[in-house]
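Student: Structure below; questions to follow.
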Amino acid sequence: MIRLLISECERLLSRKLIWLLYLAIPLSAFGALQYNLKRNHEVRITSPEYSSVYTFPVNALHEMLPLFVNLFLLVLIVLSVTEEYRGGELRLILIRLYSKAEVFFAKLGAILLLLLAGLLLFYLSSQIIGWLALSKVDAIYLFYHQEIFSVSEVFFYTIQFYLLAFVTLTVLSFVFLWIAIISPRVTVAMGLGIGYLLVSIIFDNIMGSIQAHVNSPDLLALFLMNLTITRVEYQGIHLMLAHPSMFMFFSLVLAVHLLLFGVLSFFHFARKDYCH
Amino acid sequence: MQDHLLEVSNVTKIMGKRKILNQVSFNVKKGSICGFIGANGAGKTTTIRIITGLMKPTAGTVRIDQHDVHKDRKNALQKLGAIVETPIFFSYMSGRKNLLNLARLHAHLDSHQQKEKVDEVLRIVDLTDRADDKVKTYSLGMKQRLGIAQALLGDPEIIILDEPANGLDPIGMRELRELILGLSREHKITFLISSHLLDELQKMCDHLVVIHKGSIAWSGELKDVMDSQYQNMEDFLIAVTR
């Protein structure tokens, strides 16, 4: 199985596009810096939105998750799955000793390893850029927390934030895997993947608007407002780290997505005849 | 001693409402070159997909060296190399890198042996000079040879080739034929070769299996066809598929 995993990673890393994506990671952190520098002029230093050396890695990822990081993941999955599955290259692997289930999990493992490397690179880039361009502050404020944080506490918070972002992206990868398997072509898979993200974001915004107009929000409205993975990425991770009850709620949202799209993608990949 | 390396027994495949294969049974003897002939749509590729484990049969069994492909996959496929349909590779990698990537999947080869094996199979198929070029620059004939090279990586006892002569020019076809005959003679590899090209099979094979509309119409030794009442292979094929 390790050999299969290495073989999958090796093929992905042989693609120029993957290296271009890795090259774009520090650039995206730099883009987040430009946005944060502008915002720092608009918010008070006591606001959690204010980016300092300490909070920039979290703020930068928070901004880049819904678009850049999700697209990074989508491209990884489409190249690894749709192209090989529909193009017939997968035959080269499946006629050897490994079962379709093993190939499925090796592909998932390779995608997650490369994603983890990407997140690590993003953290290092934003940390370095933050140190070079942002100021240190005496008191650090975080989203949905009343108390002031120390530097070491923020470091621990940052690690938790990145870990939860990785978990959320792992769940999203099952959604993209399913899309990648059922799509007849790479362009269709990219289109459907981007469409899924856009529909999720639009749904979040519509539910947010409805919620804003309801004076006494009931449980159903709250539930509907927080159903999507993009919502977990945009607001859920901060909430999960602030309130244990929200941790449970968003974990449930992720678990439902994982179960549904995990079963669908595994069934399509591993249980159906390979006819391409 | 078991004489048959490949045993296909009563294989039926139903897809949707269509019966693609109906009780297909045939054997391939160790050391033979067996032609698998039939018109387009007769069920050749579906049979090959089932033999190579890419598809599951609705009913019936496929055994390679007595190991069931669908129940004892690892032991069965250990003996097998194959090109199913057109030889497709990872076009963004060189021929050598493709083979090294695939050689990694053979558990009996350590990293040093993988490199040696790749060099060896490249030599066998005469692709050493072009090994470091990207596969997308290869001709179809070279891709077929690279296909055979990847099939040889696991030291197979049987190689299955699906329509290997398709799209090849006469020189490419001749090179491929000589390669197959050489591998059979020198490495004692058994071949099952599907085709709809009678002449090509006649020049290579010693056994023949004829498939027609998803059922086996005839199987036996090629010399029996030659010794029979038919003037030529074409007449024979028309007669058995009528």
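Ordered as shown in the structure tokens, chains take letters A, B, and onward, while each chain numbers its residues from 1 and ligands are numbered from 1 in the order shown.
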What parts of range 15-230 of chain A does DSSP call alpha helix (DSSP H)? I'd like the answer as a PyMOL selection string.

Tutor: chain A and resi 16-40+56-64+70-77+83-87+90-94+100-133+151-182+186-213+219-225+229-230

Student: For chain B, work out the contacting residues on chain A at 8 Å, counting only C-alpha atoms, and write them as a PyMOL selection string.

Tutor: chain A and resi 3-4+7+10-11+14-15+88-89+91-99+273-275

Student: May I have the residues from that selection written out with C-alpha atoms, as a short mmCIF file (atom, residue, chain, number, x, y, z; two decimals), in the first residue's frame?

Tutor:
data_model
loop_
_atom_site.label_atom_id
_atom_site.label_comp_id
_atom_site.auth_asym_id
_atom_site.auth_seq_id
_atom_site.Cartn_x
_atom_site.Cartn_y
_atom_site.Cartn_z
CA ARG A 3 4.32 1.65 -2.71
CA LEU A 4 0.96 2.58 -4.21
CA SER A 7 3.51 5.95 -6.89
CA GLU A 10 5.23 10.63 -7.71
CA ARG A 11 2.75 10.99 -10.59
CA SER A 14 5.53 15.02 -12.06
CA ARG A 15 2.92 17.57 -13.16
CA GLY A 88 -7.97 5.09 -19.13
CA GLU A 89 -4.55 5.50 -17.46
CA ARG A 91 -6.03 0.58 -16.18
CA LEU A 92 -2.24 0.53 -15.83
CA ILE A 93 -2.66 0.45 -12.06
CA LEU A 94 -5.79 -1.69 -11.76
CA ILE A 95 -4.40 -4.59 -13.81
CA ARG A 96 -1.71 -5.03 -11.17
CA LEU A 97 -2.07 -6.55 -7.74
CA TYR A 98 -4.00 -3.75 -6.03
CA SER A 99 -7.76 -3.67 -5.63
CA ASP A 273 -16.92 -2.00 -13.11
CA TYR A 274 -14.12 0.01 -14.64
CA CYS A 275 -15.19 0.57 -18.24
#

Student: Quick one: distance from CA of Ile179 in chain A to CA of Ser265 in chain A in Å, one decimal?

Tutor: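 These two atoms are separated by 8.1 Å.
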
Student: Give me, please, the distance in Å between CA of Arg39 in chain A and CA of Gln127 in chain A, quoted to one decimal.

Tutor: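 Distance between the two atoms: 18.2 Å.
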
Student: In terms of the shortest atom-to-atom distance over only C-alpha atoms, which of A:Phe156, A:Met1, A:Phe143, A:Thr46 is closest to Phe105 in chain A?

Tutor: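 When distances to Phe105 in chain A are compared using only C-alpha atoms, the smallest one comes from A:Met1.
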
Student: Which residue, B:Gly141, B:Gly31, B:Gly167, B:Gly41, has the smallest gap to Lys188 in chain B when you use only C-alpha atoms?

Tutor: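 Checking each of B:Gly141, B:Gly31, B:Gly167, B:Gly41 against Lys188 in chain B, counting only C-alpha atoms, the winner is B:Gly31.
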